[in-house]
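**Q** See protein-v8.cif below, with mmCIF, C-alpha atoms.
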```
data_upload
#
loop_
_atom_site.label_atom_id
_atom_site.label_comp_id
_atom_site.auth_asym_id
_atom_site.auth_seq_id
_atom_site.Cartn_x
_atom_site.Cartn_y
_atom_site.Cartn_z
CA MET A 21 -23.44 -93.88 -13.64
CA THR A 22 -19.66 -94.09 -13.52
CA ALA A 23 -19.42 -91.64 -16.45
CA ASP A 24 -21.77 -89.19 -14.71
CA LEU A 25 -19.67 -89.40 -11.57
CA ALA A 26 -16.49 -88.75 -13.58
CA VAL A 27 -18.04 -85.69 -15.28
CA PHE A 28 -19.24 -84.37 -11.92
CA THR A 29 -15.80 -84.89 -10.38
CA VAL A 30 -14.03 -83.09 -13.26
CA SER A 31 -16.55 -80.26 -13.10
CA CYS A 32 -16.07 -79.84 -9.33
CA SER A 33 -12.32 -80.00 -9.74
CA ARG A 34 -12.37 -77.24 -12.39
CA LYS A 35 -14.60 -75.04 -10.25
CA SER A 36 -12.32 -75.57 -7.28
CA THR A 37 -9.19 -74.74 -9.32
CA GLY A 38 -10.90 -71.66 -10.75
CA ALA A 39 -11.89 -70.46 -7.29
CA ARG A 40 -8.35 -71.01 -6.02
CA THR A 41 -6.93 -69.01 -8.94
CA LEU A 42 -9.36 -66.17 -8.32
CA HIS A 43 -8.49 -66.17 -4.63
CA LYS A 44 -4.77 -66.15 -5.42
CA GLU A 45 -5.26 -63.30 -7.90
CA ARG A 46 -7.06 -61.25 -5.27
CA GLN A 47 -4.31 -61.94 -2.74
CA LEU A 48 -1.68 -60.87 -5.25
CA ASP A 49 -3.62 -57.72 -6.16
CA GLN A 50 -3.88 -56.81 -2.49
CA PHE A 51 -0.21 -57.50 -1.84
CA LEU A 52 1.00 -55.52 -4.85
CA ALA A 53 -1.35 -52.61 -4.06
CA GLU A 54 0.11 -52.51 -0.55
CA VAL A 55 3.76 -52.48 -1.58
CA GLU A 56 3.80 -50.67 -4.93
CA ARG A 57 4.07 -47.09 -3.67
CA ARG A 58 6.79 -47.78 -1.13
CA ALA A 59 8.56 -49.97 -3.69
CA LEU A 60 8.48 -47.11 -6.18
CA ARG A 61 10.04 -44.65 -3.72
CA ILE A 62 12.65 -47.23 -2.69
CA ALA A 63 13.55 -47.90 -6.34
CA GLU A 64 13.55 -44.17 -7.03
CA MET A 65 16.02 -43.58 -4.22
CA GLY A 66 18.19 -46.27 -5.78
CA VAL A 67 18.18 -44.98 -9.36
CA ARG A 68 17.08 -41.32 -8.83
CA ASP A 69 14.77 -41.42 -11.83
CA ARG A 70 11.03 -41.86 -11.50
CA ASP A 71 10.35 -43.28 -14.96
CA GLU A 72 13.10 -45.83 -14.58
CA ALA A 73 11.85 -46.66 -11.08
CA LEU A 74 8.31 -47.20 -12.40
CA ASP A 75 9.64 -49.60 -15.04
CA LEU A 76 11.65 -51.48 -12.43
CA VAL A 77 8.66 -51.83 -10.11
CA GLN A 78 6.41 -53.07 -12.91
CA ASP A 79 9.07 -55.53 -14.00
CA ALA A 80 9.41 -56.82 -10.43
CA MET A 81 5.63 -57.22 -10.14
CA ILE A 82 5.46 -59.23 -13.37
CA LYS A 83 8.36 -61.47 -12.38
CA LEU A 84 6.85 -62.11 -8.95
CA VAL A 85 3.49 -63.09 -10.43
CA ARG A 86 5.05 -65.25 -13.13
CA ASN A 87 7.52 -67.10 -10.94
CA TYR A 88 6.36 -67.00 -7.35
CA SER A 89 2.57 -66.63 -7.32
CA ARG A 90 2.25 -70.25 -6.16
CA ARG A 91 4.39 -69.56 -3.09
CA GLY A 92 2.77 -68.66 0.20
CA SER A 93 1.76 -65.01 0.50
CA ASN A 94 4.06 -64.59 3.52
CA GLU A 95 7.04 -65.21 1.19
CA TRP A 96 6.05 -62.62 -1.41
CA SER A 97 7.43 -59.54 0.30
CA PRO A 98 11.11 -60.63 0.56
CA LEU A 99 10.93 -62.26 -2.88
CA PHE A 100 9.46 -59.13 -4.43
CA TYR A 101 12.16 -56.92 -2.94
CA ARG A 102 14.82 -59.41 -3.96
CA ILE A 103 13.65 -59.08 -7.57
CA LEU A 104 13.45 -55.30 -7.26
CA GLN A 105 16.94 -54.94 -5.73
CA ASN A 106 18.37 -57.18 -8.46
CA GLY A 107 16.65 -54.96 -10.99
CA VAL A 108 18.18 -51.82 -9.44
CA ARG A 109 21.65 -53.41 -9.46
CA ASP A 110 21.24 -54.48 -13.09
CA TRP A 111 20.11 -50.97 -13.93
CA HIS A 112 23.32 -49.52 -12.43
CA ARG A 113 25.45 -52.01 -14.38
CA ARG A 114 23.72 -51.07 -17.63
CA GLN A 115 24.12 -47.38 -16.82
CA ALA A 116 27.84 -47.86 -16.22
CA VAL A 117 28.23 -49.53 -19.62
CA ARG A 118 26.06 -46.89 -21.29
CA ASN A 119 28.11 -44.08 -19.73
CA ARG A 120 31.35 -45.64 -20.99
CA VAL A 121 29.88 -45.85 -24.49
CA MET A 122 28.58 -42.28 -24.26
CA VAL A 123 32.01 -40.96 -23.22
CA TRP A 124 33.57 -42.70 -26.22
CA PHE A 125 30.79 -41.41 -28.49
CA GLN A 126 31.19 -37.83 -27.26
CA LYS A 127 34.95 -38.00 -27.83
CA ALA A 128 34.33 -39.18 -31.37
CA ASN A 129 32.02 -36.22 -32.06
CA THR A 130 34.01 -33.31 -30.65
CA GLU A 131 32.75 -30.87 -33.30
CA ASP A 132 29.24 -30.90 -31.90
CA HIS A 133 29.54 -28.22 -29.22
CA ASP A 134 26.17 -26.55 -29.70
CA TYR A 135 24.06 -29.17 -27.94
CA ASP A 136 24.48 -29.45 -24.19
CA VAL A 137 23.21 -32.89 -23.17
CA ILE A 138 23.19 -32.10 -19.47
CA ALA A 139 21.39 -28.80 -19.90
CA ALA A 140 18.79 -30.41 -22.16
CA ALA A 141 18.19 -33.42 -19.90
CA PRO A 142 14.81 -33.51 -18.16
CA ASP A 143 14.55 -33.47 -14.39
CA SER A 144 15.69 -36.89 -13.26
CA ALA A 145 12.64 -37.43 -11.09
CA GLY A 146 10.23 -36.17 -13.73
CA ARG A 147 8.99 -33.31 -11.56
CA SER A 148 8.25 -29.74 -12.50
CA PRO A 149 10.21 -26.89 -10.83
CA GLU A 150 7.10 -26.05 -8.79
CA GLU A 151 6.86 -29.60 -7.49
CA GLU A 152 10.57 -29.57 -6.75
CA LEU A 153 10.05 -26.50 -4.59
CA GLN A 154 7.20 -28.17 -2.74
CA ASN A 155 9.31 -31.16 -1.78
CA SER A 156 10.36 -31.00 1.77
CA GLN A 157 13.96 -30.24 2.51
CA ALA A 158 14.01 -33.14 4.92
CA MET A 159 13.13 -35.62 2.18
CA GLN A 160 15.78 -34.21 -0.11
CA ASP A 161 18.38 -34.47 2.63
CA LEU A 162 17.33 -38.02 3.41
CA GLU A 163 17.29 -39.03 -0.25
CA SER A 164 20.77 -37.64 -0.83
CA ALA A 165 22.17 -39.21 2.31
CA VAL A 166 20.63 -42.62 1.59
CA HIS A 167 21.73 -42.54 -2.03
CA ALA A 168 25.30 -41.77 -0.95
CA LEU A 169 25.45 -44.96 1.14
CA PRO A 170 27.27 -48.01 -0.24
CA THR A 171 24.81 -50.22 -2.15
CA ARG A 172 24.45 -53.00 0.44
CA GLN A 173 24.07 -50.55 3.33
CA ARG A 174 21.46 -48.63 1.34
CA GLU A 175 19.50 -51.81 0.61
CA ALA A 176 19.61 -52.98 4.23
CA PHE A 177 18.50 -49.59 5.54
CA MET A 178 15.66 -49.13 3.06
CA LEU A 179 14.29 -52.64 3.46
CA ARG A 180 14.46 -52.58 7.25
CA THR A 181 13.32 -49.00 7.83
CA PHE A 182 11.08 -48.06 4.91
CA GLU A 183 9.57 -51.42 4.03
CA GLY A 184 9.65 -52.77 7.58
CA LEU A 185 11.07 -56.19 6.70
CA ASP A 186 12.55 -58.11 9.61
CA VAL A 187 16.17 -59.30 9.59
CA ALA A 188 15.28 -62.70 8.11
CA GLY A 189 13.14 -61.18 5.35
CA THR A 190 15.81 -58.61 4.53
CA ALA A 191 18.39 -61.42 4.31
CA VAL A 192 16.20 -63.22 1.75
CA ALA A 193 15.67 -60.00 -0.20
CA MET A 194 19.40 -59.23 -0.22
CA SER A 195 20.53 -62.86 -0.77
CA CYS A 196 22.90 -62.73 2.20
CA SER A 197 23.13 -63.92 5.80
CA GLU A 198 21.23 -62.34 8.66
CA GLY A 199 24.57 -61.38 10.24
CA SER A 200 25.48 -59.40 7.11
CA VAL A 201 22.11 -57.62 7.23
CA LYS A 202 22.74 -56.55 10.84
CA THR A 203 26.23 -55.28 9.99
CA HIS A 204 25.10 -53.34 6.89
CA TYR A 205 22.13 -51.86 8.74
CA PHE A 206 24.23 -50.86 11.77
CA ARG A 207 26.79 -49.10 9.58
CA ALA A 208 24.08 -47.39 7.51
CA VAL A 209 22.36 -46.00 10.61
CA HIS A 210 25.64 -44.62 11.95
CA THR A 211 26.60 -43.04 8.64
CA LEU A 212 23.16 -41.46 8.25
CA ARG A 213 23.19 -40.19 11.81
CA ASP A 214 26.50 -38.48 11.12
CA ARG A 215 25.30 -37.00 7.85
CA LEU A 216 21.79 -36.01 8.86
CA GLY A 217 22.36 -35.39 12.54
CA GLU A 218 23.04 -31.69 12.38
CA HIS A 219 19.91 -31.04 10.25
CA TRP A 220 17.58 -33.40 12.05
CA GLN A 221 18.28 -32.87 15.74
CA MET B 18 27.02 -48.38 22.32
CA ASN B 19 25.44 -46.52 25.27
CA ASN B 20 21.75 -45.81 25.82
CA THR B 21 21.99 -42.23 24.58
CA ASP B 22 23.50 -43.32 21.25
CA GLU B 23 20.85 -45.97 20.91
CA ARG B 24 18.09 -43.45 21.58
CA ILE B 25 19.53 -41.02 19.03
CA ASP B 26 19.72 -43.80 16.45
CA GLN B 27 16.12 -44.81 17.08
CA GLN B 28 14.99 -41.19 16.78
CA MET B 29 16.84 -40.78 13.52
CA VAL B 30 15.40 -44.01 12.10
CA GLN B 31 11.87 -43.05 13.15
CA GLN B 32 12.25 -39.60 11.62
CA ALA B 33 13.57 -41.11 8.40
CA LYS B 34 10.59 -43.46 8.30
CA ASP B 35 8.12 -40.61 8.89
CA VAL B 36 9.67 -38.48 6.16
CA PHE B 37 9.65 -41.44 3.77
CA ASP B 38 6.01 -42.32 4.54
CA GLU B 39 5.05 -38.71 3.92
CA SER B 40 6.73 -38.79 0.51
CA VAL B 41 4.88 -42.02 -0.32
CA ASP B 42 1.55 -40.48 0.64
CA SER B 43 2.18 -37.44 -1.52
CA LEU B 44 2.73 -39.32 -4.78
CA ASP B 45 0.84 -37.62 -7.61
CA ALA B 46 -2.19 -39.08 -9.39
CA ALA B 47 -0.35 -39.71 -12.66
CA THR B 48 2.25 -41.83 -10.89
CA LEU B 49 -0.41 -43.77 -8.97
CA SER B 50 -2.22 -44.41 -12.23
CA ARG B 51 0.94 -45.79 -13.83
CA LEU B 52 1.51 -48.03 -10.81
CA ASN B 53 -2.04 -49.31 -11.11
CA ARG B 54 -1.58 -50.07 -14.80
CA GLY B 55 1.67 -51.89 -14.02
CA ARG B 56 -0.09 -53.98 -11.36
CA GLN B 57 -2.90 -54.92 -13.74
CA ALA B 58 -0.33 -55.94 -16.37
CA ALA B 59 1.37 -58.14 -13.78
CA LEU B 60 -1.89 -59.73 -12.63
CA ALA B 61 -2.70 -60.61 -16.23
CA GLN B 62 0.19 -63.07 -15.96
CA VAL B 63 -1.64 -65.23 -13.41
CA ALA B 64 -2.12 -68.61 -15.08
CA ARG B 65 -5.78 -69.47 -15.64
CA PRO B 66 -6.89 -73.09 -15.22
CA GLY B 67 -6.57 -74.85 -18.55
CA GLN B 68 -4.10 -72.26 -19.86
CA GLU B 69 -1.07 -73.63 -18.04
CA TRP B 70 -0.17 -75.88 -20.97
CA ARG B 71 0.25 -72.84 -23.21
CA ARG B 72 3.42 -71.92 -21.33
CA TRP B 73 4.96 -75.20 -22.49
CA MET B 74 3.82 -74.90 -26.10
CA PRO B 75 7.05 -73.34 -27.44
CA VAL B 76 9.21 -75.91 -25.61
CA THR B 77 7.06 -78.80 -26.79
CA GLY B 78 7.10 -77.46 -30.35
CA VAL B 79 10.90 -77.19 -30.37
CA ALA B 80 11.27 -80.69 -28.89
CA ALA B 81 8.94 -82.14 -31.53
CA ALA B 82 10.84 -80.35 -34.31
CA VAL B 83 14.19 -81.67 -33.01
CA LEU B 84 12.81 -85.20 -32.78
CA LEU B 85 11.44 -84.99 -36.32
CA ALA B 86 14.77 -83.66 -37.60
CA VAL B 87 16.69 -86.50 -35.95
CA ILE B 88 14.36 -89.13 -37.41
CA THR B 89 14.56 -87.52 -40.86
CA LEU B 90 18.37 -87.23 -40.83
CA ARG B 91 18.99 -90.72 -39.58
CA GLY B 92 16.55 -92.23 -42.05
CA PRO B 93 14.30 -95.25 -41.62
CA GLY B 94 17.17 -97.67 -42.33
CA ASP B 95 18.90 -96.86 -39.05
CA MET B 96 15.84 -97.41 -36.94
CA GLU B 97 15.55 -100.61 -35.02
CA PHE B 98 12.15 -101.82 -34.03
CA THR B 99 12.32 -103.50 -30.69
CA VAL B 100 9.76 -104.49 -28.15
CA ALA B 101 9.61 -101.54 -25.78
CA PRO B 102 9.68 -102.52 -22.13
CA ALA B 103 6.65 -101.42 -20.19
CA SER B 104 7.15 -98.09 -18.47
CA ASP B 105 6.14 -97.41 -14.88
CA LEU B 106 3.28 -95.26 -16.16
CA ASP B 107 1.93 -98.07 -18.34
CA ILE B 108 1.94 -100.36 -15.38
CA LEU B 109 0.24 -97.90 -13.07
CA LEU B 110 -2.47 -96.99 -15.57
CA SER B 111 -3.26 -100.55 -16.62
CA GLU B 112 -5.71 -102.85 -15.00
CA GLU B 113 -3.61 -105.90 -15.92
CA SER B 114 -1.77 -107.69 -13.17
CA ILE B 115 1.79 -106.59 -12.47
CA GLU B 116 3.01 -110.15 -12.97
CA MET B 117 1.88 -109.95 -16.59
CA PHE B 118 4.17 -106.95 -17.21
CA GLU B 119 7.06 -108.64 -15.46
CA GLU B 120 6.65 -111.58 -17.82
CA LEU B 121 6.25 -109.36 -20.90
CA GLU B 122 9.81 -109.88 -22.14
CA PHE B 123 9.39 -113.59 -21.71
CA TYR B 124 6.18 -113.56 -23.79
CA SER B 125 7.95 -111.55 -26.53
CA TRP B 126 10.77 -114.08 -26.59
CA LEU B 127 8.21 -116.88 -26.69
CA ASP B 128 6.47 -115.29 -29.72
CA MET B 129 9.80 -115.01 -31.53
CA GLN B 130 10.52 -118.68 -30.81
CA ASP B 131 7.13 -119.66 -32.21
CA LEU B 132 7.74 -117.62 -35.40
CA GLU B 133 11.15 -119.18 -35.91
CA GLY B 134 9.65 -122.60 -35.26
CA ASP B 135 6.97 -121.96 -37.90
CA GLY B 136 9.73 -121.01 -40.36
CA ASN B 137 11.66 -124.18 -39.70
CA PHE B 138 8.77 -126.47 -40.22
CA GLY B 139 7.00 -124.50 -42.98
#
```
Would you mind writing the file out in structure tokens?

**A**
Amino acid sequence: MTADLAVFTVSCSRKSTGARTLHKERQLDQFLAEVERRALRIAEMGVRDRDEALDLVQDAMIKLVRNYSRRGSNEWSPLFYRILQNGVRDWHRRQAVRNRVMVWFQKANTEDHDYDVIAAAPDSAGRSPEEELQNSQAMQDLESAVHALPTRQREAFMLRTFEGLDVAGTAVAMSCSEGSVKTHYFRAVHTLRDRLGEHWQ
Amino acid sequence: MNNTDERIDQQMVQQAKDVFDESVDSLDAATLSRLNRGRQAALAQVARPGQEWRRWMPVTGVAAAVLLAVITLRGPGDMEFTVAPASDLDILLSEESIEMFEELEFYSWLDMQDLEGDGNFG
């Protein structure tokens, strides 16, 4: 009798844990499906390369699921963007190192003048010329202006405006105080207004 | 900042948001497909019940190997066999009375005294 009760309890416990996992997986799927496209465009504005941005978004999704899936779903958004922004910053650091190495490498191979690396490079966003033409001028202006912002201002502006995070959520995503978020955002808006104003009024 | 500046800022922010949303909506099918594949790869990382222990397998394996190496290097001569004190877990899992565990060291000492006594009189 006691053994039967123990087996029944273990069985119920497993079913309950399985149902909770399935529920959590569905919640995660829904959350990631909601944010992935905006996250891609935000990452793309940070690195200006679609393939790299896709890798960064996938990496952020995997890290969120691995490390924070047990957290409440209301915490996922700032955590996800925190991972993504860290990924973008790491990407820039690696690029800086790579560029230094490439400069040294190119100096060491001065005889090779026939191959133009820049001319041979694919479009940074992975788009065809036709697609480039279809892109709206407004988006190109915005992308250039946002990309030209200092890193922290760019992050604050994109998270607040494009992702719609509140000040507290943006502070978590940027690992800084709410006061810093307000300052970065305020400065970003003023800089963008100055840069875009004449085209957008 | 006056009201006009504030209004201009709000307009600019709203316009930026609209332009951004439009660019998100116009992402091509190939990109959406890659995003979907990335999401599925991430969701595959959700720990299934009963699979959680697999995450700790490498750590446990390394710990066991280190322990084995230490025992092997030190050799059996260095090892001292002592009566291990009862851990908190032993106490919690046992149906014996707590007083019995508190007296465990005393009982061990008592056994040793008996053995020595047997030796003296044998």

**Q** Point out the residue among A:Asp79, A:Ala158, A:Ser93, A:Thr203 with the least atom-to-atom distance to B:Asp35, counting all atoms listed in the file.

**A**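 Going through A:Asp79, A:Ala158, A:Ser93, A:Thr203 one by one, the smallest distance to B:Asp35 is for A:Ala158.
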
**Q** Out of B:Leu44, B:Ile25, B:Val83, B:Ala59, which residue has the shortest atom-to-atom distance to chain A when counting all atoms listed in the file?

**A**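 Looking at the shortest contact to chain A, the residue is B:Ala59.
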
**Q** Please write the residues picked by the PyMOL selection byres ((chain B) within 8 of (chain A)) on this file as a list in words.

**A**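 Applying the expression gives Asp26, Met29, Val30, Ala33, Lys34, Val36, Phe37, Asp38, Ser40, Val41, Leu44, Leu49, Arg51, Leu52, Asn53, Gly55, Arg56, Ala58, Ala59, Leu60, Gln62, Val63, Ala64, Arg65 and Pro66 of chain B.
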
**Q** Determine, counting only C-alpha atoms, which protein, DNA and RNA residues have an atom within 7 Å of an atom of stretch 94-103 of chain A; residues of the same chain fewer than 2 positions away are not included. Present the result as JSON, numbers by chain.

**A** {"A": [80, 84, 91, 92, 105, 106, 107, 189, 190, 192, 193, 194]}

**Q** Please produce an output containing C-alpha atoms for each residue in the selection, written as a PDB file, in the coordinates of the input.

**A**
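Produced file again.pdb, reproduced below:
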```pdb
ATOM      1  CA  ALA A  80       9.410 -56.820 -10.430  1.00  0.00           C
ATOM      2  CA  LEU A  84       6.850 -62.110  -8.950  1.00  0.00           C
ATOM      3  CA  ARG A  91       4.390 -69.560  -3.090  1.00  0.00           C
ATOM      4  CA  GLY A  92       2.770 -68.660   0.200  1.00  0.00           C
ATOM      5  CA  GLN A 105      16.940 -54.940  -5.730  1.00  0.00           C
ATOM      6  CA  ASN A 106      18.370 -57.180  -8.460  1.00  0.00           C
ATOM      7  CA  GLY A 107      16.650 -54.960 -10.990  1.00  0.00           C
ATOM      8  CA  GLY A 189      13.140 -61.180   5.350  1.00  0.00           C
ATOM      9  CA  THR A 190      15.810 -58.610   4.530  1.00  0.00           C
ATOM     10  CA  VAL A 192      16.200 -63.220   1.750  1.00  0.00           C
ATOM     11  CA  ALA A 193      15.670 -60.000  -0.200  1.00  0.00           C
ATOM     12  CA  MET A 194      19.400 -59.230  -0.220  1.00  0.00           C
TER      13      MET A 194
END
```

**Q** Give me, please, the distance in Å between atom CA of A:Ser195 and atom CA of A:Pro170, quoted to one decimal.

**A**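 Value for the atom CA of A:Ser195-atom CA of A:Pro170 distance: 16.3 Å.
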
**Q** So how many Å separate atom CA of A:His167 and atom CA of B:Gln32, to one decimal?

**A**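 Here the two named atoms are 16.9 Å from each other.
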
**Q** Hey, can you check how far atom CA of A:Ala73 sits from atom CA of B:Gln31?

**A**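 A separation of 24.5 Å between them.
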
**Q** For a cut-off of 12 Å around (20.9, -44.5, -12.2), file coordinates, pick out all residues using only C-alpha atoms and list them as a PDB file with C-alpha atoms, in the coordinates of the input.

**A**
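Final file, part.pdb:
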```
ATOM      1  CA  ALA A  63      13.550 -47.900  -6.340  1.00  0.00           C
ATOM      2  CA  GLU A  64      13.550 -44.170  -7.030  1.00  0.00           C
ATOM      3  CA  MET A  65      16.020 -43.580  -4.220  1.00  0.00           C
ATOM      4  CA  GLY A  66      18.190 -46.270  -5.780  1.00  0.00           C
ATOM      5  CA  VAL A  67      18.180 -44.980  -9.360  1.00  0.00           C
ATOM      6  CA  ARG A  68      17.080 -41.320  -8.830  1.00  0.00           C
ATOM      7  CA  ASP A  69      14.770 -41.420 -11.830  1.00  0.00           C
ATOM      8  CA  ARG A  70      11.030 -41.860 -11.500  1.00  0.00           C
ATOM      9  CA  ASP A  71      10.350 -43.280 -14.960  1.00  0.00           C
ATOM     10  CA  GLU A  72      13.100 -45.830 -14.580  1.00  0.00           C
ATOM     11  CA  ALA A  73      11.850 -46.660 -11.080  1.00  0.00           C
ATOM     12  CA  LEU A  76      11.650 -51.480 -12.430  1.00  0.00           C
ATOM     13  CA  GLY A 107      16.650 -54.960 -10.990  1.00  0.00           C
ATOM     14  CA  VAL A 108      18.180 -51.820  -9.440  1.00  0.00           C
ATOM     15  CA  ARG A 109      21.650 -53.410  -9.460  1.00  0.00           C
ATOM     16  CA  ASP A 110      21.240 -54.480 -13.090  1.00  0.00           C
ATOM     17  CA  TRP A 111      20.110 -50.970 -13.930  1.00  0.00           C
ATOM     18  CA  HIS A 112      23.320 -49.520 -12.430  1.00  0.00           C
ATOM     19  CA  ARG A 113      25.450 -52.010 -14.380  1.00  0.00           C
ATOM     20  CA  ARG A 114      23.720 -51.070 -17.630  1.00  0.00           C
ATOM     21  CA  GLN A 115      24.120 -47.380 -16.820  1.00  0.00           C
ATOM     22  CA  ALA A 116      27.840 -47.860 -16.220  1.00  0.00           C
ATOM     23  CA  VAL A 117      28.230 -49.530 -19.620  1.00  0.00           C
ATOM     24  CA  ARG A 118      26.060 -46.890 -21.290  1.00  0.00           C
ATOM     25  CA  ASN A 119      28.110 -44.080 -19.730  1.00  0.00           C
ATOM     26  CA  SER A 144      15.690 -36.890 -13.260  1.00  0.00           C
ATOM     27  CA  ALA A 145      12.640 -37.430 -11.090  1.00  0.00           C
ATOM     28  CA  HIS A 167      21.730 -42.540  -2.030  1.00  0.00           C
TER      29      HIS A 167
END
```
